[in-house]
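Asker: Mind having a look at this structure? Questions to follow.
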Amino acid sequence: MYFTTISSSAEVSAEALAVANNALFTINNLWILMATVLVFVMHLGFSALEAGLVRKKNVVNILFKNAMIIAIGLLTYWLSGFNLMYPGDSFAGGFIGFGGFGLDPGSSGQTADYADGSYTYYTDFIFQAMFAATCVTIVSGAVAERIKLNAFLIFALLFVTLVYPITGMWKWGGGWLDTLGFYDFAGSTIVHSVGGWAALAGIILLGPRTGKYTKKGIRPITGHSMPLAAIGVFLLWFGWFGFNGGSVLSADANLVSLVFVTTTLSAAAGAIGSFGISYLMTKTNDLSMVLNGILGGLVGITASADAVSVNASILIGLIAGMIIPIAVAGFDRLKLDDPVGATSVHLVCGIWGTIAVAIFGDFDDPNVGQMSDQLTGIVSVGAFSFSAAYIFFYLLKVGLGIRVDEEEEEKGLDIMEHGMRAYS
Amino acid sequence: MYFTTISSSAEVSAEALAVANNALFTINNLWILMATVLVFVMHLGFSALEAGLVRKKNVVNILFKNAMIIAIGLLTYWLSGFNLMYPGDSFAGGFIGFGGFGLDPGSSGQTADYADGSYTYYTDFIFQAMFAATCVTIVSGAVAERIKLNAFLIFALLFVTLVYPITGMWKWGGGWLDTLGFYDFAGSTIVHSVGGWAALAGIILLGPRTGKYTKKGIRPITGHSMPLAAIGVFLLWFGWFGFNGGSVLSADANLVSLVFVTTTLSAAAGAIGSFGISYLMTKTNDLSMVLNGILGGLVGITASADAVSVNASILIGLIAGMIIPIAVAGFDRLKLDDPVGATSVHLVCGIWGTIAVAIFGDFDDPNVGQMSDQLTGIVSVGAFSFSAAYIFFYLLKVGLGIRVDEEEEEKGLDIMEHGMRAYS
Amino acid sequence: MYFTTISSSAEVSAEALAVANNALFTINNLWILMATVLVFVMHLGFSALEAGLVRKKNVVNILFKNAMIIAIGLLTYWLSGFNLMYPGDSFAGGFIGFGGFGLDPGSSGQTADYADGSYTYYTDFIFQAMFAATCVTIVSGAVAERIKLNAFLIFALLFVTLVYPITGMWKWGGGWLDTLGFYDFAGSTIVHSVGGWAALAGIILLGPRTGKYTKKGIRPITGHSMPLAAIGVFLLWFGWFGFNGGSVLSADANLVSLVFVTTTLSAAAGAIGSFGISYLMTKTNDLSMVLNGILGGLVGITASADAVSVNASILIGLIAGMIIPIAVAGFDRLKLDDPVGATSVHLVCGIWGTIAVAIFGDFDDPNVGQMSDQLTGIVSVGAFSFSAAYIFFYLLKVGLGIRVDEEEEEKGLDIMEHGMRAYS
């Protein structure tokens, strides 16, 4: 009789373990899917922010670009990007690899393999696809109000197809930067700086908007709707809980909750830091600086959100925020015209965040996150993505033209490129 | 001593199984609740989209209608809708059934019964209630700018109380269409077409807005705020992760992740398809077509999101998007004036999505999703919901009048019905 | 051989139990984090609502205040608020206690202790921190369009640092009101009334906006953008799923789903109740009353969302909605000028919701939620928070001035305090 007991107990144990493993897998997978939804909202955040910060005559244009970028980003990532960024062992080298076109969940179909990770193949794809589309959205704001629509869309297609997945692979696909010990938790460099470098290449080749830099000095060109800009920033913050929180790649309670705290407090400190410095510089209570300070804090903590103390996260965000007004003024001095401040937020604070890893990061492995490795990552990713973007924009400039003519800039891209107005 | 060991091991096994079952149930239930929250956001999405696409003088009116529809939809679903749509075995026939007024979690109280599903009674109710309210929101955009407020609210009350739950029961409540093998995963027909048919009945009986169809041709009446419209579409996409993802009715990792991928890529392809065709038709970069293309892709994939391959989902979305500009032009040719394109998006793409099930669907059961069954579902649901909506609108027209007078249409519904302006 | 079997079965059991416990802990923790994200969105909701309901000339100001309040609220809660509200056994008295500055996950690091709750230390902190910031956001709308920026920010800092955590501790930190049997599930009193009392103190000391109450009667000063206001209310409703749902403090399927249903139906009934009474009072279809009715229903159910029947929740919301137009008219009669109706929504409906606990609440423990205890809570929390807010505002009035001068009020705070316009 007790043999039966043993047997039945063993069966119950096995069943319990299977159910428990399934439950844990399901929760981990679900969190990455929820995070995907949150990262999706960032596209709305970028759209609203950029639309708010451009003039009334260019609003349809920026919305059109952002809607198309999501479509392009997602579809190219399905076609080739995912397998370029995550080529898998058989297809990878340190610098480049390619696992083939389209999606292939493998012989197991889409079946979840508990031993093999915390989420399904399709979850992996869709979370990463949202990141890819994000990267190019960063560019659209910086080049706004003067770039030709077709040139921008071709650029976006090339950049998200070829550049983002390759530098992404260097770190997240197990490439040479990963081997080196470069650390970038959720992409201060791999996502934000990459977008920021492309933005910089674009604004150099495009030149400033007409009338921005005059003999009498810098003429501020203010956005047409601050509520729209503020909604955008709040939605970006909202989405960042998924961007950073989902980058834990599981629902691990300790790590995800730590990441939520560091991310949130860094954003809050960024608002204070940016407000403080901008108040000192201009003696005004500048809303756009507070908003960009929040974003600076978010970009700054993105490389290290899981690897620094709470106190350090506040310092990282505070410094990121303080950088913002200085960077904005600096770019203006160099006559690099960025209507939304994307280069200050994503490029400069992305670099700062990546450096901050080496200053504040706490790693068990002493070979990870060293300053030299961080700088190697910043420089190599920057060199590749800036050069590639510069070449793409340059070829487009020569072949097609990238800047709208004076009349179009004057009358606005909405009427000239889209035949409609944003408001009527 | 080892008897104790056996005994204690058995106890641990039993406890482990109970905890594991509870964990799995909790995660499944939580996902449906999170999906409910996402579907709720679709009401904001519809409100913003419709508000953006009407003229400035009718914005308060459309917001008022949408706010009231949610309240009416939720409360009538509590009063009778839920038990009309899901009457339960004892109260159901193939065509109609009714489980009584109000909510009754049964003898077990609200206690979760693991054997009986993946979520609680209250979770089931609230998820379905959000769907119900969604259906009527589709109508409000199509009849905008000329319908009387009281007539619309009475229509909404009747339609959501009587029509949506009954055709819904035919499929999701275990009625005759379900028995037949008709397949509609998350409601291309059961939700979107039903709303679309009602919209069509409304615009037929109302007639077009004054000045829309003139002797000189069709005069475009553009919306007053494209940012608002774009925010609406992005929020609808956001909410659709819950609409389709939650329709898995559990947090099953494989199915939910597949549904996320098919839904997302179909939406992206819809944008491309709609842009392509509208560019060919008009040679302009029409933002409203890109936005409606996204929605078309979402509606199109809704019937089959869990039952088609990723590649098929892209094709379904692409075709849905291509349909949009053609359908919009077609309705205009027929002088059926739909200010927001709701009939093109929800009715036409809803039909396409339901047909697509039979073309691309992959089912283990050969009796499910056949073309004849799909067409039977489309026609029967369409006939019932269109007829019912037509009768309701007709009776209201005779009894109360459904169209505002010329002066009111000219001055705008905001001032005349609400005594206020949207902007000041 | 069967010894081995026994042993292995025991090991499997133990592993299964550990995995199952971990899964359950992870899902509970994740829900509180997701709820945190939803509560975060309420800040955007408040910002949009308040921005929509003020005049065009004061929009940047209200957005600036709301952005800064989040930063201030989160950082002070990190610095001292969390340990003032939840001092822990060693540091607590019935009325006040303090667990020290900063965050300290304790000797276990941040390690999750299954025996000790449903979430990690950091999850606890970040969820509560979002609530803290919410409380002061309520004030900013009521004092809008005439308060000095620096005075408001200092007030917000003082109030969120000292008042909210102390009265919060009385109930949620295990203080004297908790011992007494006072019941306030998610904060009708502890969050909403506290903010409402502070708002009342502010508007008494500030006085009404110039031109609001004239010899000829009350002049309505309408908001500048109803779409913005409507977006705000929908987003607040969206966030409330986390505010109330997260206050279950676990993902318990039965409780969270009940809370979703009571919260949602109360909001829906609030819309109907407010519309009905306002229609009777003014014979207009007032959108702002429907929107505030939704909020009234939400505030009203917040104290009892887990402790009343579904039918009772509808009644609570309906009454809360009916209160709104009467309270708004009442405050206007008293010449207490509240541009967004925050006192009617958060203070009056907060009191109603707390009383409703004693009328409709169903408790196993007869010492919980009695009318006398509820009234004690309402009066004591009200007396403390109103007095403290009054003193803070009074000292600021004497020391710094709290009201902008006439010219600034006339020209708008955006130009005078921020040197920019919301729209251009």
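Chain labels A, B, ... are given in the sequence in which chains occur in the structure tokens; within each chain residues are numbered consecutively from 1, and ligands are likewise numbered from 1 in the order shown.
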Considering only C-alpha atoms, extract the chain C residues located within 7 Å of chain A and return them as a VMD selection string.
Answerer: chain C and resid 6 9 12 to 13 16 19 to 20 23 26 to 27 29 to 30 37 41 44 60 64 71 74 to 75 110 to 112 120 122 to 123 126 417 to 419 422 to 424
Asker: Considering only C-alpha atoms, return as a list of chain:residue names whatever protein or nucleic-acid residues lie within 10 Å of A:Leu180, sequence-local ones (same chain, fewer than 4 positions apart) excluded.
Answerer: A:Trp170, A:Lys171, A:Gly175, A:Trp176, A:Asn367, A:Val368, A:Gly369, A:Gln370, A:Ser372, A:Asp373, A:Gln374, A:Thr376, A:Gly377
Asker: Find the spatial neighbours of stretch 381-385 of chain A, counting only C-alpha atoms, within a cut-off of 7 Å - ignore same-chain residues fewer than 2 positions away - and output them as a PyMOL selection string.
Answerer: chain A and resi 163+167+194+197-198+377-379+387-389
Asker: Would you mind exporting the chosen residues as a JSON list (two decimals), in the first residue's frame, restricted to N, CA and C atoms?
Answerer:
```
[["chain", "number", "residue", "atom", "x", "y", "z"],
["A", 163, "VAL", "N", 22.20, 49.31, -39.77],
["A", 163, "VAL", "CA", 23.10, 49.80, -38.74],
["A", 163, "VAL", "C", 22.69, 49.35, -37.34],
["A", 167, "THR", "N", 25.37, 47.05, -34.83],
["A", 167, "THR", "CA", 25.99, 47.48, -33.56],
["A", 167, "THR", "C", 25.26, 46.83, -32.38],
["A", 194, "VAL", "N", 23.08, 55.46, -30.58],
["A", 194, "VAL", "CA", 23.05, 55.11, -32.00],
["A", 194, "VAL", "C", 22.08, 56.03, -32.74],
["A", 197, "TRP", "N", 23.66, 59.59, -32.74],
["A", 197, "TRP", "CA", 24.72, 59.79, -33.73],
["A", 197, "TRP", "C", 24.13, 60.00, -35.13],
["A", 198, "ALA", "N", 23.12, 59.21, -35.43],
["A", 198, "ALA", "CA", 22.47, 59.37, -36.74],
["A", 198, "ALA", "C", 21.83, 60.75, -36.85],
["A", 377, "GLY", "N", 33.32, 50.88, -26.22],
["A", 377, "GLY", "CA", 31.97, 50.72, -26.75],
["A", 377, "GLY", "C", 31.41, 52.01, -27.29],
["A", 378, "ILE", "N", 31.55, 53.08, -26.53],
["A", 378, "ILE", "CA", 31.04, 54.38, -26.95],
["A", 378, "ILE", "C", 31.66, 54.81, -28.28],
["A", 379, "VAL", "N", 32.98, 54.69, -28.35],
["A", 379, "VAL", "CA", 33.70, 55.16, -29.53],
["A", 379, "VAL", "C", 33.42, 54.27, -30.75],
["A", 387, "SER", "N", 29.31, 57.24, -38.95],
["A", 387, "SER", "CA", 29.83, 57.12, -40.32],
["A", 387, "SER", "C", 28.76, 56.58, -41.26],
["A", 388, "ALA", "N", 28.11, 55.52, -40.83],
["A", 388, "ALA", "CA", 27.10, 54.92, -41.70],
["A", 388, "ALA", "C", 25.98, 55.92, -41.98],
["A", 389, "ALA", "N", 25.53, 56.60, -40.94],
["A", 389, "ALA", "CA", 24.45, 57.57, -41.12],
["A", 389, "ALA", "C", 24.91, 58.71, -42.03]]
```
Asker: Just list as number ranges by chain whatever in stretch 219-368 of chain A DSSP marks as alpha helix (DSSP H).
Answerer: A: 226-245, 253-282, 287-301, 310-333, 342, 349-360
Asker: Show me, as a list in words, the residues that have an atom within 10 Å of A:Tyr77 when counting only C-alpha atoms, minus same-chain residues fewer than 5 positions from it.
Answerer: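 Counting only the stated atoms, we get Ala71, Ile72, Phe82, Asn83, Leu84, Met85, Phe101, Gly102, Leu103, Phe125, Ile126, Gln128, Ala129, Met130, Phe131, Ala132, Ala133, Val160, Thr161, Leu162 and Pro165 of chain A.
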Asker: Quick one: residues within 12 Å of A:Glu410, only C-alpha atoms counted, chain neighbours fewer than 6 positions away excluded, as number ranges by chain?
Answerer: A: 55-58, 145-146, 209-211, 404, 416
Asker: Output N, CA and C atoms for every residue in that selection, as a PDB file, in the first residue's frame.
Answerer:
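Output (selection_12.pdb):
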```pdb
ATOM      1  N   ARG A  55       6.839  73.613 -35.458  1.00  0.00           N
ATOM      2  CA  ARG A  55       5.845  74.641 -35.745  1.00  0.00           C
ATOM      3  C   ARG A  55       4.602  74.024 -36.373  1.00  0.00           C
ATOM      4  N   LYS A  56       3.527  74.746 -36.266  1.00  0.00           N
ATOM      5  CA  LYS A  56       2.215  74.285 -36.708  1.00  0.00           C
ATOM      6  C   LYS A  56       2.232  73.773 -38.147  1.00  0.00           C
ATOM      7  N   LYS A  57       3.095  74.341 -38.949  1.00  0.00           N
ATOM      8  CA  LYS A  57       3.092  74.042 -40.380  1.00  0.00           C
ATOM      9  C   LYS A  57       3.793  72.719 -40.717  1.00  0.00           C
ATOM     10  N   ASN A  58       4.429  72.099 -39.722  1.00  0.00           N
ATOM     11  CA  ASN A  58       5.174  70.871 -39.974  1.00  0.00           C
ATOM     12  C   ASN A  58       4.704  69.692 -39.127  1.00  0.00           C
ATOM     13  N   GLU A 145      11.404  69.645 -39.783  1.00  0.00           N
ATOM     14  CA  GLU A 145      11.058  70.968 -40.318  1.00  0.00           C
ATOM     15  C   GLU A 145      11.840  71.354 -41.572  1.00  0.00           C
ATOM     16  N   ARG A 146      12.739  70.439 -42.061  1.00  0.00           N
ATOM     17  CA  ARG A 146      13.488  70.812 -43.264  1.00  0.00           C
ATOM     18  C   ARG A 146      13.927  69.626 -44.099  1.00  0.00           C
ATOM     19  N   ARG A 209      17.643  75.201 -39.667  1.00  0.00           N
ATOM     20  CA  ARG A 209      16.436  75.783 -40.247  1.00  0.00           C
ATOM     21  C   ARG A 209      16.691  77.253 -40.591  1.00  0.00           C
ATOM     22  N   THR A 210      16.113  77.705 -41.664  1.00  0.00           N
ATOM     23  CA  THR A 210      16.264  79.091 -42.082  1.00  0.00           C
ATOM     24  C   THR A 210      15.823  80.029 -40.960  1.00  0.00           C
ATOM     25  N   GLY A 211      16.687  80.970 -40.622  1.00  0.00           N
ATOM     26  CA  GLY A 211      16.310  81.961 -39.623  1.00  0.00           C
ATOM     27  C   GLY A 211      16.651  81.585 -38.198  1.00  0.00           C
ATOM     28  N   VAL A 404      14.348  70.271 -48.209  1.00  0.00           N
ATOM     29  CA  VAL A 404      13.267  70.874 -48.989  1.00  0.00           C
ATOM     30  C   VAL A 404      13.717  72.258 -49.450  1.00  0.00           C
ATOM     31  N   MET A 416       3.024  71.314 -48.452  1.00  0.00           N
ATOM     32  CA  MET A 416       3.797  70.995 -49.640  1.00  0.00           C
ATOM     33  C   MET A 416       3.986  69.487 -49.851  1.00  0.00           C
TER      34      MET A 416
END
```
Asker: I need the residues in stretch 92-216 of chain B that are strand (DSSP E or B) according to DSSP; give them as a ChimeraX atom specification.
Answerer: /B:92,97,147,213-214
Asker: How would the residues just chosen look if you wrote them out with C-alpha atoms as a compact mmCIF listing (two decimals), in the first residue's frame?
Answerer:
```
# COMPACT_ATOMS: atom_id res chain seq x y z
CA ALA B 92 -29.27 29.01 -23.74
CA GLY B 97 -30.75 32.73 -24.16
CA ILE B 147 -26.95 63.31 -35.32
CA TYR B 213 -21.50 66.09 -51.79
CA THR B 214 -22.06 69.03 -54.11
```
Asker: Between C:Ile203, C:Phe46, C:Gly117, C:Thr179, which residue has the minimum interatomic distance to C:Tyr394, considering only C-alpha atoms?
Answerer: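 Ranked by minimum distance to C:Tyr394, first place goes to C:Ile203.
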Asker: Write out as a ChimeraX atom specification each polymer residue whose atoms come within 8 Å of B:Asp337, counting only C-alpha atoms; drop sequence neighbours fewer than 3 positions from it.
Answerer: /B:142,203,207-209,212,331-332
Asker: List the spatial neighbours of A:Ala342 as a PyMOL selection string - criterion: any atom at most 7 Å away, only C-alpha atoms, same-chain residues fewer than 2 positions off excluded.
Answerer: chain A and resi 138+141-142+196+338+340+344-346
Asker: For B:Ile190, which residue among B:Gly202, B:Gly330, B:Gly100, B:Gly353 is the nearest when counting only C-alpha atoms?
Answerer: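 Closest to B:Ile190 of all the choices is B:Gly353.
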